[in-house]
Amino acid sequence: MTDAAPRLAVVAETLLGAPLPVRLRAWDGSEAGPPDGPVLVIHDRRAVRRMLWRPGELGLARAWVAGELTVEGNLFDLLDRVAGLLWEREPDLPPVGPTVSTAQGGPGPFAALGGLARRAGLPALGDLPGARWRDAAHRAAARELIALAGPLPPPSPPAEEAASRRGGARHSKGRDRRAVSHHYDVGNDFYERVLGPSMVYSCAYWSPGSTLERAQHDKLDLVCRKLALRPGDRLLDVGCGWGSMALHAAREYGVRVTGVTLSREQAVYARKRVADEGLTDLVDIRIQDYRDVKDGPYEAISSIGMAEHVGADRYRDYARTLHALLRPGGRLLNHQIARRPEPDEEAYRIDEFIDAYVFPDGELSPLGTTVGELERAGFEVRDVEALREHYGLTLRAWVARLEEHWAEAVRLTSPGRARVWQLYMAACALGFERGRLGVNQVLAVRPTAAGDARLPLRLRTWDAEAETV
């Protein structure tokens, strides 16, 4: 029989309580769902089995990374259709399983699969918690899904999963080194294909008609101007990546830069760039934890896309450490992704897919929490600029580069790793575009003892006629 897709479509519509937003094609060649738009291809019933054993986004992610799920057509279109259904309905999703939090907090889109084996009266699949199924239709959908999943047990997780790289207390120095290595030590050649010549792995600053390279240059220059860098100043670049900020500040502003990273591959790459540009007298790239930097004071500190790795429990220490490293009157530019605040912040959990495959132990905080912690550490926050839409544009540009260089990316890493980056960047782009994620540049100063922030009366002027991107 070739009826797997229609049966899966009925199950999905029962659990979601809405028509299927995309077309399905199953391993037996059958199809179901709307005829237009992208197609979610389920190449093997193992994908269904993964979701039964690990309900939520992690089961889906494993199937995607393993190549058991693919998309025929536009990935952004498929994710947008699914996100539109799930995110807009999120407050009304029925309480039918464990809560699987997204990176933004709140129930994950496939939480309704939780506990279905036990509630269907079949043998328990792993240690899944029970769930409150609303009616007989849900119980029937659970039984149907188990029947479609095929023989047990589930497949092993893909090799790209980070669980085997854990160990030690969360956000200890050793564990942070391993988490950073998992994400950044993928291969510099791979990142060159995705990021382009700038090798900047953070939100660019776009203007109408900008290229990715121009927008990244403008972001680096924006940071330098906000920090009011002058020749001879000392700049600490926390989480310096492949050295782009350090190089720009030294080359264009004549400052002396110390860049610190926990990634050995990044440090080797950055040091070569510094040497190639003849800037070794101005730029020092270290493999060092920011907590071990002892050679302050600095006139300025840039922290671009690094604070997401710090963790909520360590953030106050992070802020105090940077405050202590600054000279009175010195400036901090903290560029950081933010999430929406939770009604109950204790309910926030890290997104399973991101945690297992992208940023192990990464945590997002609301903007207000970040500003509050900086103020508690003694900083005076003087400017906040939201760049949410800019990150959506940046991520789409990265996805386009990855897909353009797909064969090379696979050869340089693995098919699974390339699929991880494709899915995470595309999904995050939609998160920024729909306002579920934000990114902000927070300019803070360490005032002098007399309260002098050493800032002009007007930091910025607003242009009412400015074009939108």
# chains A, B, ... in the order shown; residues from 1 in each chain; ligands from 1
$ closest_atom_pairs --of "region 295-339 of chain A" --to "region 250-256 of chain A" --cutoff "12 Å" --atoms "only C-alpha atoms" --output "CSV"
residue,atom,partner,partner_atom,distance
A:Tyr298,CA,A:Arg256,CA,9.7
A:Glu299,CA,A:Val255,CA,9.9
A:Ala300,CA,A:Val255,CA,10.0
A:Ile301,CA,A:Arg256,CA,11.6
$ write_last_selection --atoms "N, CA, C and O atoms" --output "PDB file, in the first residue's frame"
ATOM      1  N   TYR A 298      41.432  49.182  30.008  1.00  0.00           N
ATOM      2  CA  TYR A 298      41.253  49.486  28.594  1.00  0.00           C
ATOM      3  C   TYR A 298      40.371  50.723  28.456  1.00  0.00           C
ATOM      4  O   TYR A 298      39.525  50.994  29.319  1.00  0.00           O
ATOM      5  N   GLU A 299      40.566  51.432  27.345  1.00  0.00           N
ATOM      6  CA  GLU A 299      39.684  52.567  27.048  1.00  0.00           C
ATOM      7  C   GLU A 299      38.329  52.109  26.524  1.00  0.00           C
ATOM      8  O   GLU A 299      37.320  52.820  26.668  1.00  0.00           O
ATOM      9  N   ALA A 300      38.290  50.931  25.902  1.00  0.00           N
ATOM     10  CA  ALA A 300      37.042  50.465  25.281  1.00  0.00           C
ATOM     11  C   ALA A 300      37.028  48.946  25.245  1.00  0.00           C
ATOM     12  O   ALA A 300      38.077  48.293  25.182  1.00  0.00           O
ATOM     13  N   ILE A 301      35.818  48.386  25.288  1.00  0.00           N
ATOM     14  CA  ILE A 301      35.610  46.939  25.159  1.00  0.00           C
ATOM     15  C   ILE A 301      34.489  46.717  24.164  1.00  0.00           C
ATOM     16  O   ILE A 301      33.420  47.342  24.256  1.00  0.00           O
TER      17      ILE A 301
END
$ select_by_dssp --residues "region 269-428 of chain A" --states "strand (DSSP E or B)" --output "PyMOL selection string"
chain A and resi 283-287+298-304+326-339+365+380-386
$ write_last_selection --atoms "N, CA, C and O atoms" --output "CSV table (one decimal), in the first residue's frame"
chain,number,residue,atom,x,y,z
A,283,VAL,N,47.9,44.4,17.2
A,283,VAL,CA,46.9,43.5,17.5
A,283,VAL,C,47.5,42.2,18.1
A,283,VAL,O,48.4,41.6,17.6
A,284,ASP,N,47.0,41.8,19.2
A,284,ASP,CA,47.4,40.6,20.0
A,284,ASP,C,46.2,39.7,20.1
A,284,ASP,O,45.2,40.1,20.7
A,285,ILE,N,46.2,38.5,19.4
A,285,ILE,CA,45.1,37.6,19.5
A,285,ILE,C,45.5,36.5,20.5
A,285,ILE,O,46.5,35.8,20.3
A,286,ARG,N,44.7,36.2,21.5
A,286,ARG,CA,44.9,35.3,22.5
A,286,ARG,C,43.9,34.2,22.6
A,286,ARG,O,42.7,34.5,22.3
A,287,ILE,N,44.3,33.0,22.9
A,287,ILE,CA,43.4,31.9,23.2
A,287,ILE,C,43.2,32.0,24.8
A,287,ILE,O,44.0,31.5,25.5
A,298,TYR,N,41.4,49.2,30.0
A,298,TYR,CA,41.3,49.5,28.6
A,298,TYR,C,40.4,50.7,28.5
A,298,TYR,O,39.5,51.0,29.3
A,299,GLU,N,40.6,51.4,27.3
A,299,GLU,CA,39.7,52.6,27.0
A,299,GLU,C,38.3,52.1,26.5
A,299,GLU,O,37.3,52.8,26.7
A,300,ALA,N,38.3,50.9,25.9
A,300,ALA,CA,37.0,50.5,25.3
A,300,ALA,C,37.0,48.9,25.2
A,300,ALA,O,38.1,48.3,25.2
A,301,ILE,N,35.8,48.4,25.3
A,301,ILE,CA,35.6,46.9,25.2
A,301,ILE,C,34.5,46.7,24.2
A,301,ILE,O,33.4,47.3,24.3
A,302,SER,N,34.7,45.8,23.2
A,302,SER,CA,33.7,45.4,22.3
A,302,SER,C,33.4,43.9,22.6
A,302,SER,O,34.3,43.1,22.8
A,303,SER,N,32.1,43.6,22.7
A,303,SER,CA,31.6,42.2,22.9
A,303,SER,C,30.5,42.0,21.9
A,303,SER,O,29.4,42.4,22.1
A,304,ILE,N,30.9,41.3,20.8
A,304,ILE,CA,29.9,41.2,19.7
A,304,ILE,C,29.5,39.8,19.5
A,304,ILE,O,30.3,38.9,19.1
A,326,LEU,N,37.7,48.2,32.5
A,326,LEU,CA,37.6,49.5,31.8
A,326,LEU,C,38.2,50.6,32.7
A,326,LEU,O,38.0,50.6,33.9
A,327,ARG,N,38.8,51.5,32.0
A,327,ARG,CA,39.3,52.8,32.7
A,327,ARG,C,38.0,53.6,33.0
A,327,ARG,O,37.0,53.6,32.2
A,328,PRO,N,38.0,54.4,34.1
A,328,PRO,CA,36.9,55.3,34.3
A,328,PRO,C,36.7,56.2,33.1
A,328,PRO,O,37.6,56.8,32.6
A,329,GLY,N,35.5,56.3,32.6
A,329,GLY,CA,35.2,57.0,31.4
A,329,GLY,C,35.2,56.1,30.2
A,329,GLY,O,34.9,56.6,29.0
A,330,GLY,N,35.6,54.9,30.3
A,330,GLY,CA,35.7,53.9,29.2
A,330,GLY,C,34.3,53.4,28.8
A,330,GLY,O,33.3,53.5,29.6
A,331,ARG,N,34.3,52.9,27.6
A,331,ARG,CA,33.0,52.5,27.0
A,331,ARG,C,32.9,51.0,26.7
A,331,ARG,O,34.0,50.4,26.3
A,332,LEU,N,31.8,50.4,26.8
A,332,LEU,CA,31.5,49.0,26.4
A,332,LEU,C,30.4,49.1,25.4
A,332,LEU,O,29.4,49.7,25.5
A,333,LEU,N,30.7,48.3,24.3
A,333,LEU,CA,29.6,48.1,23.3
A,333,LEU,C,29.3,46.6,23.3
A,333,LEU,O,30.1,45.7,22.9
A,334,ASN,N,28.1,46.3,23.8
A,334,ASN,CA,27.6,44.9,24.0
A,334,ASN,C,26.6,44.6,22.9
A,334,ASN,O,25.5,45.2,23.0
A,335,HIS,N,26.9,43.8,22.0
A,335,HIS,CA,26.1,43.4,20.9
A,335,HIS,C,25.5,42.0,21.1
A,335,HIS,O,26.3,41.1,21.1
A,336,GLN,N,24.2,41.9,21.4
A,336,GLN,CA,23.7,40.6,21.9
A,336,GLN,C,22.3,40.3,21.4
A,336,GLN,O,21.5,41.2,21.3
A,337,ILE,N,22.1,39.0,21.1
A,337,ILE,CA,20.8,38.5,20.7
A,337,ILE,C,19.9,38.5,22.0
A,337,ILE,O,20.3,38.2,23.1
A,338,ALA,N,18.6,38.8,21.8
A,338,ALA,CA,17.7,38.8,22.9
A,338,ALA,C,16.4,38.0,22.6
A,338,ALA,O,16.1,37.8,21.4
A,339,ARG,N,15.8,37.5,23.6
A,339,ARG,CA,14.5,36.9,23.4
A,339,ARG,C,13.4,37.6,24.0
A,339,ARG,O,13.6,38.6,24.8
A,365,SER,N,18.6,36.1,26.9
A,365,SER,CA,17.9,36.8,27.9
A,365,SER,C,17.2,38.0,27.3
A,365,SER,O,17.5,38.4,26.2
A,380,GLU,N,26.7,52.7,33.3
A,380,GLU,CA,25.6,53.6,33.0
A,380,GLU,C,25.3,53.3,31.5
A,380,GLU,O,26.1,53.6,30.6
A,381,VAL,N,24.1,52.8,31.3
A,381,VAL,CA,23.7,52.5,29.9
A,381,VAL,C,23.2,53.8,29.2
A,381,VAL,O,22.3,54.5,29.7
A,382,ARG,N,23.8,54.1,28.1
A,382,ARG,CA,23.5,55.4,27.5
A,382,ARG,C,22.9,55.3,26.1
A,382,ARG,O,22.3,56.3,25.6
A,383,ASP,N,22.9,54.1,25.5
A,383,ASP,CA,22.2,54.0,24.2
A,383,ASP,C,21.9,52.6,23.9
A,383,ASP,O,22.7,51.7,24.2
A,384,VAL,N,20.7,52.3,23.3
A,384,VAL,CA,20.4,51.0,22.9
A,384,VAL,C,19.8,51.1,21.5
A,384,VAL,O,18.9,51.9,21.2
A,385,GLU,N,20.4,50.3,20.6
A,385,GLU,CA,20.0,50.3,19.2
A,385,GLU,C,19.5,48.9,18.8
A,385,GLU,O,20.3,48.0,18.9
A,386,ALA,N,18.3,48.8,18.4
A,386,ALA,CA,17.8,47.5,18.0
A,386,ALA,C,18.0,47.2,16.5
A,386,ALA,O,17.7,48.1,15.7
$ select_by_dssp --residues "region 184-381 of chain A" --states "helix (DSSP H, G or I)" --output "ChimeraX atom specification"
/A:184,188-195,212-226,244-253,264-276,290-292,307-309,312-325,345-347,352-358,367-376
$ closest_residue --among "A:Arg401, A:Ala63, A:Val11, A:Gln266" --to "Arg139 (chain A)" --atoms "only C-alpha atoms"
A:Val11
$ closest_residue --among "A:Gly243, A:Trp421, A:His248, A:Arg458" --to "His217 (chain A)" --atoms "only C-alpha atoms"
A:His248
$ closest_residue --among "A:Asp28, A:Leu455, A:Ala426, A:Lys226" --to "Asp77 (chain A)" --atoms "only C-alpha atoms"
A:Ala426
$ residues_around --residues "Gly392 (chain A)" --least-positions-apart "5" --cutoff "6 Å" --atoms "only C-alpha atoms" --output "JSON, numbers by chain"
{"A": [429, 432, 433]}
$ closest_residue --among "A:Tyr318, A:Ala409, A:Asp351, A:Ala249" --to "Cys224 (chain A)" --atoms "only C-alpha atoms"
A:Ala249
$ atom_distance --atom1 "CA of Leu322 (chain A)" --atom2 "CA of Val186 (chain A)"
28.5 Å
$ atom_distance --atom1 "CA of Arg50 (chain A)" --atom2 "CA of Pro154 (chain A)"
5.9 Å
$ closest_residue --among "A:Leu58, A:Ala162, A:Ala450, A:Val238" --to "Arg417 (chain A)" --atoms "only C-alpha atoms"
A:Ala162
